[in-house]
Amino acid sequence: MPATTLSILLAAIAGAAFFLGKQRAFAVAGGPGNITKLHSLPGYHGYFAILCALLPSMLILVLWLVVEPRVLTALTIQSLPDAQRSMAPSELDLLVNNIRNLAAGDVVAGEVNAVLTNASQRIQELQETSRRLLAVTCIGIALLGATVAWRRISRAFRARNQVESVITGLLIAASSIAILTTLGIVMSVLFEAIRFFREVPLTDFLFGLEWSPQTAIRADQVGSSGSFGAVPLFTGTLLITAIAMFVAVPVGLMTAIFLAEYSSKRIRDVAKPLLEILAGIPTVVYGFFAALTVAPAIRNAGEAVGISVASESALAAGLVMGIMIIPLVSSLSDDAINAVPRAMRDGALGLGSTRSETMKRVILPAALPGIVGGILLAVSRAIGETMIVVMAAGLSANLTANPFEAVTTVTVQIVTLLVGDQEFDSAKTLAAFALGLILFVVTLGLNVVGLRVVRKYREQYD
Amino acid sequence: MDNEVAVATGDAMEHVEYVESDANPSGDTVGNVKSDDAFISAEDVNVYYGDNHAIKNVTLEIGRQQVIALIGPSGCGKSTFLRCLNRMNDSIDSARVTGRITLDGEDIYAKNLDPVLLRARVGIVFQKPNPFPKTIYENVAYGPRIHGLAANRSELDQIVHTSLERAGLLKEVKDRLDEPGTSLSGGQQQRLCIARTIAVNPEVILMDEPCSALDPIATAKIEDLIDELSENYAIIIVTHSMQQAARVSQRVAYFHLGKLIEVDETSRIFTNPQHKLTEDYITGRIG
């Protein structure tokens, strides 16, 4: 039975369960005039019937689809001739793959022989049986569930509470998907990083001064053994982040002060959405703006005053990244400034301070924790930013503090390590996971501290 | 100005009847808006918040060393009027003030008058205590610092101590001047705000319901303080408590829907109000 037919049937059962449940609830109550005698309104009994019909059968459906391929593969392998069954596991895997491809009508590697054809026929038969069985089970369980629900309907039955708890469960399931995914990503990065650290000692990675991740891809290839000292990447990241914050913090903060305290409402109404547009520009656009406009301009300016500037310089990437972060800094600072109670301003103004004195002596000190928290979040954003630095900062891992030279960052190296044909268990590719882990730990730390500072500060005045 | 001050004390004894929905149609104020030794005088003051006409043709004189209480139901414009007197309404974009207010003969809405300096002369204490998130010492020292009132640290110490003493707070805080102002109790915070205000040596103190967030004991302390301060300052206090108005003020002004209905000596307002609305409010018929 095709999947669509099955879903339509299940939907029909659910619909029927709803109406029958509702009707029975009315009947139990003794007609529409007496529904107050029911614990729950008839609609809830209907919903409860739907849930009883659908939830278990959906669960079975999902489980079945997860388990089915494994069972089918096992059964197919059992049916293979002895010669194939005694093959090495990796070759057997290849064969099973071919059988599946043939059964699904995909391209098959190698020639198609009798063993393959037989096995693929077998797997097709098994699949059909499985699907038929699945359909019957699902519908059976749905009907059973609906019946159970129908029989439970009574005046005292708390259908409303039951539906409520199922909804709670669904909401919890939905939110745990995001959390579990995060956990999964962290785990995978962690385990790959541990594999990397088995090949390259942690101390070499954290304190080594040379980054040159070229390794031989195959055993017979001539190539350097690679060196994985990440310090140049860290300094490059820090250099660019520092330049970015040097631009973003003063400009963003002053923008926030202007918008919060000085501008008229009309200017604020225009300027705030414009800033938000700045925040909405894709980073790749900033990237080519940095690489094609800012970097050459800086190089030309440098030539004019006799400074040699690399065509891909830390300065260009940092400046553009700083511009990108301005809206973040200004909107978080704006929030912090606005969170300072009006009474504080009035108090300062009432004592005869000017607006800038009020700002400097009362509002900024009061808003400082919030502003610092916002800046920490901005730093974490700058450290994790990729596109601008990929396009504008360059790839050479120079250990330098000179903003006119090309540097590279952690994110850029992760991109370059994973782009192109690579074995995924060489030290080179695993290094990406190690870098990712470091990046993750640092930005997570900054975010936790930043958010905590911001939140603590908000509580202070609420 | 004189045409606005229609009802003088002479004919004030006759009881004027008004329908509440059309309060005071002539815009005239009953009682005596004049004061001997007038220090602040407001003439024909109107305040608009956008389209909302919040204060209508208010004329009032306030004397030196006088405590005048502004009373009236919520939203009657008494706080708005108060905030006109040190131009705190300037910080509200939509607010517009017309008419003339003079302080010691000087028009405070004149083009060349700096509102910042005005606010140093006309201090304000707000409804909710609003100490800065600084130490007790720094809270009081804030004003003298920005106005350069102290030449050195010992002079500043002197100002802080005197101000705290006059606000009746010194005894309670003299050993903890470097603790945050917010660590004090509500009543102490309000007295700290008063100390902060008198530290800049103002000529007038405006108080916008200074006790409404305080318990009765703290309120009594503030009221005693107002009595003492009235020896040196003109004090204009907005209050919802008629008992408080009766206790602290020499004169009372009753506002209703943006109009100044009646002004007179406190004893006369509370014993023999001349306007129907005033009487209704005082006897509790208007909330």
# chains A, B, ... in the order shown; residues from 1 in each chain; ligands from 1

$ interface_residues --of "chain B" --to "chain A" --cutoff "8 Å" --atoms "only C-alpha atoms" --output "PDB file with C-alpha atoms, in the first residue's frame"
ATOM      1  CA  ASN B  86      11.770  74.020  36.620  1.00  0.00           C
ATOM      2  CA  MET B  88      11.252  69.439  33.487  1.00  0.00           C
ATOM      3  CA  ASP B  93       8.995  65.983  23.118  1.00  0.00           C
ATOM      4  CA  PRO B 115      17.123  75.472  31.821  1.00  0.00           C
ATOM      5  CA  VAL B 116      20.072  73.579  33.262  1.00  0.00           C
ATOM      6  CA  LEU B 117      20.957  76.487  35.530  1.00  0.00           C
ATOM      7  CA  LEU B 118      17.299  77.016  36.346  1.00  0.00           C
ATOM      8  CA  ARG B 119      17.052  73.466  37.663  1.00  0.00           C
ATOM      9  CA  ALA B 120      19.943  74.115  39.991  1.00  0.00           C
ATOM     10  CA  GLY B 123      15.289  71.613  42.859  1.00  0.00           C
ATOM     11  CA  ILE B 124      12.828  68.748  42.558  1.00  0.00           C
ATOM     12  CA  VAL B 125      12.087  65.667  44.652  1.00  0.00           C
ATOM     13  CA  PHE B 126      10.135  62.944  42.921  1.00  0.00           C
ATOM     14  CA  LYS B 128       9.538  57.548  43.987  1.00  0.00           C
ATOM     15  CA  ASN B 130      15.463  57.794  42.866  1.00  0.00           C
ATOM     16  CA  PRO B 131      18.970  57.695  44.309  1.00  0.00           C
ATOM     17  CA  PHE B 132      21.665  57.244  41.695  1.00  0.00           C
ATOM     18  CA  PRO B 133      23.402  53.865  41.646  1.00  0.00           C
ATOM     19  CA  GLY B 143      25.195  68.285  42.301  1.00  0.00           C
ATOM     20  CA  ILE B 146      28.761  69.320  38.404  1.00  0.00           C
ATOM     21  CA  THR B 197      18.576  68.472  46.155  1.00  0.00           C
ATOM     22  CA  VAL B 200      23.119  72.454  45.235  1.00  0.00           C
TER      23      VAL B 200
END

$ residues_around --residues "region 92-95 of chain A" --least-positions-apart "4" --cutoff "12 Å" --atoms "only C-alpha atoms" --output "list in words"
Thr73, Ala74, Thr76, Ile77, Gln78, Leu80, Asp82, Ala83, Gln84, Arg85, Ser86, Met87, Ala88, Ile99, Arg100, Asn101, Leu102, Val108, Ala109, Gly110, Glu111, Val112, Asn113, Val115, Leu116, Thr117, Ala119 and Ser120 of chain A

$ write_last_selection --atoms "N, CA, C and O atoms" --output "CSV table (one decimal), in the first residue's frame"
chain,number,residue,atom,x,y,z
A,73,THR,N,18.2,-5.9,5.5
A,73,THR,CA,19.6,-6.2,5.2
A,73,THR,C,20.1,-7.5,5.8
A,73,THR,O,20.7,-8.4,5.1
A,74,ALA,N,19.7,-7.7,7.0
A,74,ALA,CA,20.1,-8.9,7.7
A,74,ALA,C,19.5,-10.1,7.0
A,74,ALA,O,20.2,-11.1,6.7
A,76,THR,N,18.5,-10.3,3.9
A,76,THR,CA,19.1,-10.5,2.6
A,76,THR,C,20.5,-11.2,2.7
A,76,THR,O,20.8,-12.1,1.9
A,77,ILE,N,21.3,-10.8,3.7
A,77,ILE,CA,22.6,-11.4,3.8
A,77,ILE,C,22.4,-12.9,4.1
A,77,ILE,O,23.2,-13.7,3.6
A,78,GLN,N,21.4,-13.2,4.9
A,78,GLN,CA,21.2,-14.6,5.2
A,78,GLN,C,20.9,-15.4,4.0
A,78,GLN,O,21.3,-16.6,3.9
A,80,LEU,N,22.0,-14.9,1.0
A,80,LEU,CA,23.1,-14.9,0.0
A,80,LEU,C,23.8,-16.3,0.0
A,80,LEU,O,23.8,-17.0,1.0
A,82,ASP,N,26.8,-19.0,0.2
A,82,ASP,CA,27.9,-19.0,1.3
A,82,ASP,C,29.1,-18.2,0.9
A,82,ASP,O,29.7,-17.6,1.7
A,83,ALA,N,29.5,-18.3,-0.4
A,83,ALA,CA,30.7,-17.6,-0.9
A,83,ALA,C,30.6,-16.1,-0.5
A,83,ALA,O,31.6,-15.5,0.0
A,84,GLN,N,29.5,-15.5,-0.8
A,84,GLN,CA,29.4,-14.1,-0.4
A,84,GLN,C,29.2,-13.8,1.1
A,84,GLN,O,29.8,-12.8,1.6
A,85,ARG,N,28.6,-14.7,1.8
A,85,ARG,CA,28.4,-14.5,3.2
A,85,ARG,C,29.7,-14.5,4.0
A,85,ARG,O,29.8,-13.9,5.0
A,86,SER,N,30.7,-15.2,3.4
A,86,SER,CA,31.9,-15.3,4.2
A,86,SER,C,32.9,-14.2,3.8
A,86,SER,O,34.1,-14.2,4.1
A,87,MET,N,32.4,-13.2,3.0
A,87,MET,CA,33.3,-12.1,2.6
A,87,MET,C,33.7,-11.2,3.8
A,87,MET,O,33.0,-11.2,4.8
A,88,ALA,N,34.8,-10.4,3.6
A,88,ALA,CA,35.1,-9.5,4.7
A,88,ALA,C,34.0,-8.5,4.8
A,88,ALA,O,33.3,-8.2,3.9
A,99,ILE,N,23.3,-4.3,-4.0
A,99,ILE,CA,22.0,-4.9,-4.1
A,99,ILE,C,20.8,-3.9,-3.9
A,99,ILE,O,19.9,-3.9,-4.6
A,100,ARG,N,21.0,-3.1,-2.9
A,100,ARG,CA,20.0,-2.0,-2.6
A,100,ARG,C,19.8,-1.1,-3.8
A,100,ARG,O,18.7,-0.8,-4.2
A,101,ASN,N,21.0,-0.7,-4.4
A,101,ASN,CA,20.9,0.2,-5.5
A,101,ASN,C,20.1,-0.5,-6.7
A,101,ASN,O,19.3,0.2,-7.4
A,102,LEU,N,20.5,-1.7,-6.9
A,102,LEU,CA,19.8,-2.4,-8.0
A,102,LEU,C,18.3,-2.5,-7.7
A,102,LEU,O,17.5,-2.3,-8.6
A,108,VAL,N,24.5,0.9,-10.6
A,108,VAL,CA,25.2,-0.2,-9.8
A,108,VAL,C,26.7,-0.1,-10.2
A,108,VAL,O,27.0,0.0,-11.4
A,109,ALA,N,27.6,-0.2,-9.2
A,109,ALA,CA,29.0,-0.3,-9.5
A,109,ALA,C,29.4,-1.7,-9.8
A,109,ALA,O,28.9,-2.6,-9.2
A,110,GLY,N,30.2,-1.9,-10.9
A,110,GLY,CA,30.6,-3.3,-11.3
A,110,GLY,C,29.5,-3.9,-12.1
A,110,GLY,O,28.5,-3.3,-12.5
A,111,GLU,N,29.7,-5.2,-12.4
A,111,GLU,CA,28.8,-5.9,-13.3
A,111,GLU,C,27.6,-6.5,-12.5
A,111,GLU,O,27.8,-6.9,-11.3
A,112,VAL,N,26.5,-6.7,-13.2
A,112,VAL,CA,25.4,-7.2,-12.5
A,112,VAL,C,25.4,-8.8,-12.8
A,112,VAL,O,25.2,-9.2,-13.9
A,113,ASN,N,25.5,-9.6,-11.8
A,113,ASN,CA,25.5,-11.0,-12.0
A,113,ASN,C,24.3,-11.6,-11.3
A,113,ASN,O,23.4,-10.9,-10.7
A,115,VAL,N,23.8,-13.5,-8.7
A,115,VAL,CA,23.7,-13.3,-7.2
A,115,VAL,C,23.0,-12.0,-6.9
A,115,VAL,O,22.1,-11.9,-6.1
A,116,LEU,N,23.5,-11.0,-7.6
A,116,LEU,CA,23.0,-9.6,-7.4
A,116,LEU,C,21.5,-9.6,-7.7
A,116,LEU,O,20.7,-9.0,-6.9
A,117,THR,N,21.2,-10.1,-8.9
A,117,THR,CA,19.8,-10.0,-9.4
A,117,THR,C,18.9,-10.7,-8.4
A,117,THR,O,17.8,-10.2,-8.0
A,119,ALA,N,19.4,-11.5,-5.2
A,119,ALA,CA,19.3,-10.8,-3.9
A,119,ALA,C,18.4,-9.6,-4.0
A,119,ALA,O,17.6,-9.3,-3.1
A,120,SER,N,18.5,-8.9,-5.2
A,120,SER,CA,17.7,-7.6,-5.3
A,120,SER,C,16.3,-8.0,-5.4
A,120,SER,O,15.4,-7.3,-4.8

$ residues_around --residues "region 282-290 of chain A" --least-positions-apart "2" --cutoff "12 Å" --atoms "only C-alpha atoms" --output "short mmCIF file (atom, residue, chain, number, x, y, z; two decimals) with C-alpha atoms, in the first residue's frame"
data_model
loop_
_atom_site.label_atom_id
_atom_site.label_comp_id
_atom_site.auth_asym_id
_atom_site.auth_seq_id
_atom_site.Cartn_x
_atom_site.Cartn_y
_atom_site.Cartn_z
CA ILE A 277 18.87 46.75 7.60
CA LEU A 278 22.62 46.98 8.21
CA ALA A 279 22.24 44.02 10.54
CA GLY A 280 20.30 42.14 7.86
CA LEU A 292 36.90 44.16 -3.54
CA THR A 293 36.39 47.68 -2.18
CA VAL A 294 37.92 48.17 1.23
CA ALA A 295 41.08 46.07 0.88
CA PRO A 296 42.26 47.75 -2.39
CA ALA A 297 41.37 51.17 -0.97
CA ILE A 298 43.49 50.52 2.11
CA SER A 311 46.14 43.15 -0.67
CA GLU A 312 44.34 40.95 1.80
CA SER A 313 44.91 42.65 5.11
CA ALA A 314 43.68 42.11 8.63
CA LEU A 315 42.72 45.77 8.63
CA ALA A 316 40.26 45.44 5.76
CA ALA A 317 38.57 42.40 7.24
CA GLY A 318 38.50 43.94 10.72
CA LEU A 319 37.07 47.25 9.55
CA VAL A 320 34.27 45.66 7.60
CA MET A 321 33.52 43.21 10.39
CA GLY A 322 33.38 46.14 12.76
CA ILE A 323 30.80 47.82 10.55
CA MET A 324 28.82 44.61 10.46
CA ILE A 325 28.76 44.48 14.26
CA ARG A 381 29.97 37.16 17.08
CA ALA A 382 33.22 38.59 15.69
CA GLY A 384 32.80 33.19 15.00
CA GLU A 385 32.34 35.30 11.86
CA THR A 386 33.53 33.45 8.78
CA MET A 387 32.52 34.84 5.42
CA ILE A 388 34.16 38.26 5.69
CA VAL A 389 37.50 36.82 6.81
CA VAL A 390 37.44 34.04 4.24
CA MET A 391 37.12 36.63 1.52
CA ALA A 392 39.18 39.47 2.91
CA ALA A 393 41.74 38.26 5.45
CA GLY A 394 43.70 35.71 3.47
#

$ closest_residue --among "B:Ala141, B:Val33, B:Val45, B:Val204" --to "Gln66 (chain B)" --atoms "only C-alpha atoms"
B:Val204

$ select_by_dssp --residues "region 320-378 of chain A" --states "alpha helix (DSSP H)" --output "ChimeraX atom specification"
/A:320-339,342-350,355-357,364-378

$ write_last_selection --atoms "N, CA and C atoms" --output "compact mmCIF listing (two decimals), in the first residue's frame"
# COMPACT_ATOMS: atom_id res chain seq x y z
N VAL A 320 35.59 46.02 8.11
CA VAL A 320 34.27 45.66 7.60
C VAL A 320 33.50 44.85 8.63
N MET A 321 34.21 43.98 9.35
CA MET A 321 33.52 43.21 10.39
C MET A 321 33.01 44.14 11.47
N GLY A 322 33.82 45.16 11.78
CA GLY A 322 33.38 46.14 12.76
C GLY A 322 32.09 46.81 12.32
N ILE A 323 32.02 47.18 11.05
CA ILE A 323 30.80 47.82 10.55
C ILE A 323 29.62 46.86 10.66
N MET A 324 29.89 45.60 10.37
CA MET A 324 28.82 44.61 10.46
C MET A 324 28.28 44.51 11.88
N ILE A 325 29.17 44.69 12.88
CA ILE A 325 28.76 44.48 14.26
C ILE A 325 28.14 45.72 14.89
N ILE A 326 28.32 46.88 14.25
CA ILE A 326 27.75 48.12 14.82
C ILE A 326 26.30 47.96 15.26
N PRO A 327 25.42 47.41 14.39
CA PRO A 327 24.01 47.33 14.82
C PRO A 327 23.82 46.47 16.07
N LEU A 328 24.62 45.41 16.17
CA LEU A 328 24.50 44.54 17.35
C LEU A 328 24.86 45.32 18.61
N VAL A 329 26.02 46.00 18.55
CA VAL A 329 26.45 46.78 19.72
C VAL A 329 25.44 47.87 20.02
N SER A 330 24.99 48.57 18.97
CA SER A 330 24.12 49.71 19.25
C SER A 330 22.77 49.25 19.76
N SER A 331 22.25 48.14 19.24
CA SER A 331 20.91 47.78 19.72
C SER A 331 20.98 47.23 21.13
N LEU A 332 22.03 46.47 21.47
CA LEU A 332 22.13 45.98 22.85
C LEU A 332 22.42 47.13 23.82
N SER A 333 23.25 48.09 23.40
CA SER A 333 23.52 49.23 24.28
C SER A 333 22.27 50.08 24.44
N ASP A 334 21.52 50.22 23.35
CA ASP A 334 20.29 50.98 23.38
C ASP A 334 19.33 50.37 24.41
N ASP A 335 19.22 49.04 24.38
CA ASP A 335 18.38 48.36 25.37
C ASP A 335 18.85 48.68 26.77
N ALA A 336 20.17 48.58 26.97
CA ALA A 336 20.71 48.81 28.31
C ALA A 336 20.43 50.24 28.76
N ILE A 337 20.60 51.20 27.85
CA ILE A 337 20.39 52.60 28.22
C ILE A 337 18.91 52.85 28.51
N ASN A 338 18.05 52.26 27.68
CA ASN A 338 16.62 52.46 27.91
C ASN A 338 16.13 51.78 29.17
N ALA A 339 16.87 50.75 29.61
CA ALA A 339 16.44 50.04 30.82
C ALA A 339 16.73 50.87 32.08
N ARG A 342 13.54 56.07 33.97
CA ARG A 342 13.38 57.48 33.67
C ARG A 342 13.66 58.34 34.91
N ALA A 343 13.32 57.78 36.09
CA ALA A 343 13.50 58.52 37.33
C ALA A 343 14.96 58.93 37.51
N MET A 344 15.87 58.07 37.03
CA MET A 344 17.30 58.35 37.16
C MET A 344 17.66 59.58 36.33
N ARG A 345 17.16 59.63 35.09
CA ARG A 345 17.40 60.78 34.23
C ARG A 345 16.81 62.03 34.86
N ASP A 346 15.54 61.92 35.29
CA ASP A 346 14.87 63.09 35.85
C ASP A 346 15.63 63.58 37.06
N GLY A 347 16.11 62.65 37.88
CA GLY A 347 16.85 63.04 39.07
C GLY A 347 18.07 63.85 38.70
N ALA A 348 18.81 63.38 37.70
CA ALA A 348 20.03 64.08 37.30
C ALA A 348 19.69 65.42 36.65
N LEU A 349 18.69 65.41 35.76
CA LEU A 349 18.31 66.66 35.10
C LEU A 349 17.78 67.65 36.14
N GLY A 350 17.02 67.12 37.12
CA GLY A 350 16.42 67.98 38.13
C GLY A 350 17.46 68.65 39.01
N ARG A 355 22.47 67.26 29.42
CA ARG A 355 22.22 65.91 28.94
C ARG A 355 23.48 65.06 28.94
N SER A 356 24.61 65.67 28.53
CA SER A 356 25.82 64.85 28.45
C SER A 356 26.34 64.52 29.85
N GLU A 357 26.15 65.43 30.81
CA GLU A 357 26.54 65.10 32.19
C GLU A 357 25.68 63.98 32.73
N LEU A 364 25.26 56.16 31.87
CA LEU A 364 26.25 55.17 31.43
C LEU A 364 26.75 54.29 32.57
N PRO A 365 27.10 54.87 33.75
CA PRO A 365 27.50 53.97 34.84
C PRO A 365 26.40 52.98 35.19
N ALA A 366 25.14 53.44 35.15
CA ALA A 366 24.06 52.53 35.50
C ALA A 366 23.87 51.47 34.42
N ALA A 367 24.11 51.85 33.16
CA ALA A 367 23.87 50.92 32.06
C ALA A 367 25.11 50.08 31.75
N LEU A 368 26.22 50.38 32.42
CA LEU A 368 27.50 49.76 32.04
C LEU A 368 27.46 48.23 31.99
N PRO A 369 26.92 47.56 33.02
CA PRO A 369 26.91 46.10 32.95
C PRO A 369 26.20 45.60 31.70
N GLY A 370 25.07 46.21 31.37
CA GLY A 370 24.34 45.80 30.18
C GLY A 370 25.16 46.03 28.92
N ILE A 371 25.85 47.16 28.89
CA ILE A 371 26.65 47.48 27.70
C ILE A 371 27.81 46.50 27.58
N VAL A 372 28.47 46.21 28.71
CA VAL A 372 29.58 45.25 28.68
C VAL A 372 29.09 43.88 28.20
N GLY A 373 27.93 43.47 28.71
CA GLY A 373 27.36 42.20 28.27
C GLY A 373 27.14 42.21 26.76
N GLY A 374 26.61 43.31 26.26
CA GLY A 374 26.38 43.42 24.82
C GLY A 374 27.67 43.34 24.04
N ILE A 375 28.72 43.97 24.57
CA ILE A 375 30.01 43.95 23.86
C ILE A 375 30.58 42.53 23.85
N LEU A 376 30.40 41.81 24.96
CA LEU A 376 30.89 40.42 24.98
C LEU A 376 30.18 39.60 23.91
N LEU A 377 28.86 39.80 23.77
CA LEU A 377 28.13 39.07 22.74
C LEU A 377 28.67 39.46 21.36
N ALA A 378 29.01 40.74 21.19
CA ALA A 378 29.53 41.18 19.91
C ALA A 378 30.89 40.55 19.63

$ residues_around --residues "Thr416 (chain A)" --least-positions-apart "4" --cutoff "10 Å" --atoms "only C-alpha atoms" --output "PyMOL selection string"
chain A and resi 390+395+411-412+420+429+432

$ atom_distance --atom1 "CA of Asn46 (chain B)" --atom2 "CA of Thr102 (chain B)"
14.5 Å

$ residues_around --residues "Ile236 (chain B)" --least-positions-apart "5" --cutoff "10 Å" --atoms "only C-alpha atoms" --output "list in words"
Ile62, Gln66, Val67, Ile68, Ala69, Leu70, Leu82, Leu85, Ile124, Val204, Ile205, Leu206, Met207, Asp208, Ser230, Ser249, Arg251 and Val252 of chain B

$ atom_distance --atom1 "CA of Pro129 (chain B)" --atom2 "CA of Ser74 (chain B)"
19.8 Å

$ residues_around --residues "Val441 (chain A)" --least-positions-apart "5" --cutoff "12 Å" --atoms "only C-alpha atoms" --output "count of residues only"
12

$ residues_around --residues "Val71 (chain A)" --least-positions-apart "6" --cutoff "10 Å" --atoms "only C-alpha atoms" --output "VMD selection string"
chain A and resid 64 77 126 130

$ atom_distance --atom1 "CA of Tyr49 (chain B)" --atom2 "CA of Arg96 (chain B)"
6.5 Å

$ closest_residue --among "B:Ile92, B:His161, B:Pro180, B:Lys111" --to "Gly50 (chain B)" --atoms "only C-alpha atoms"
B:Ile92
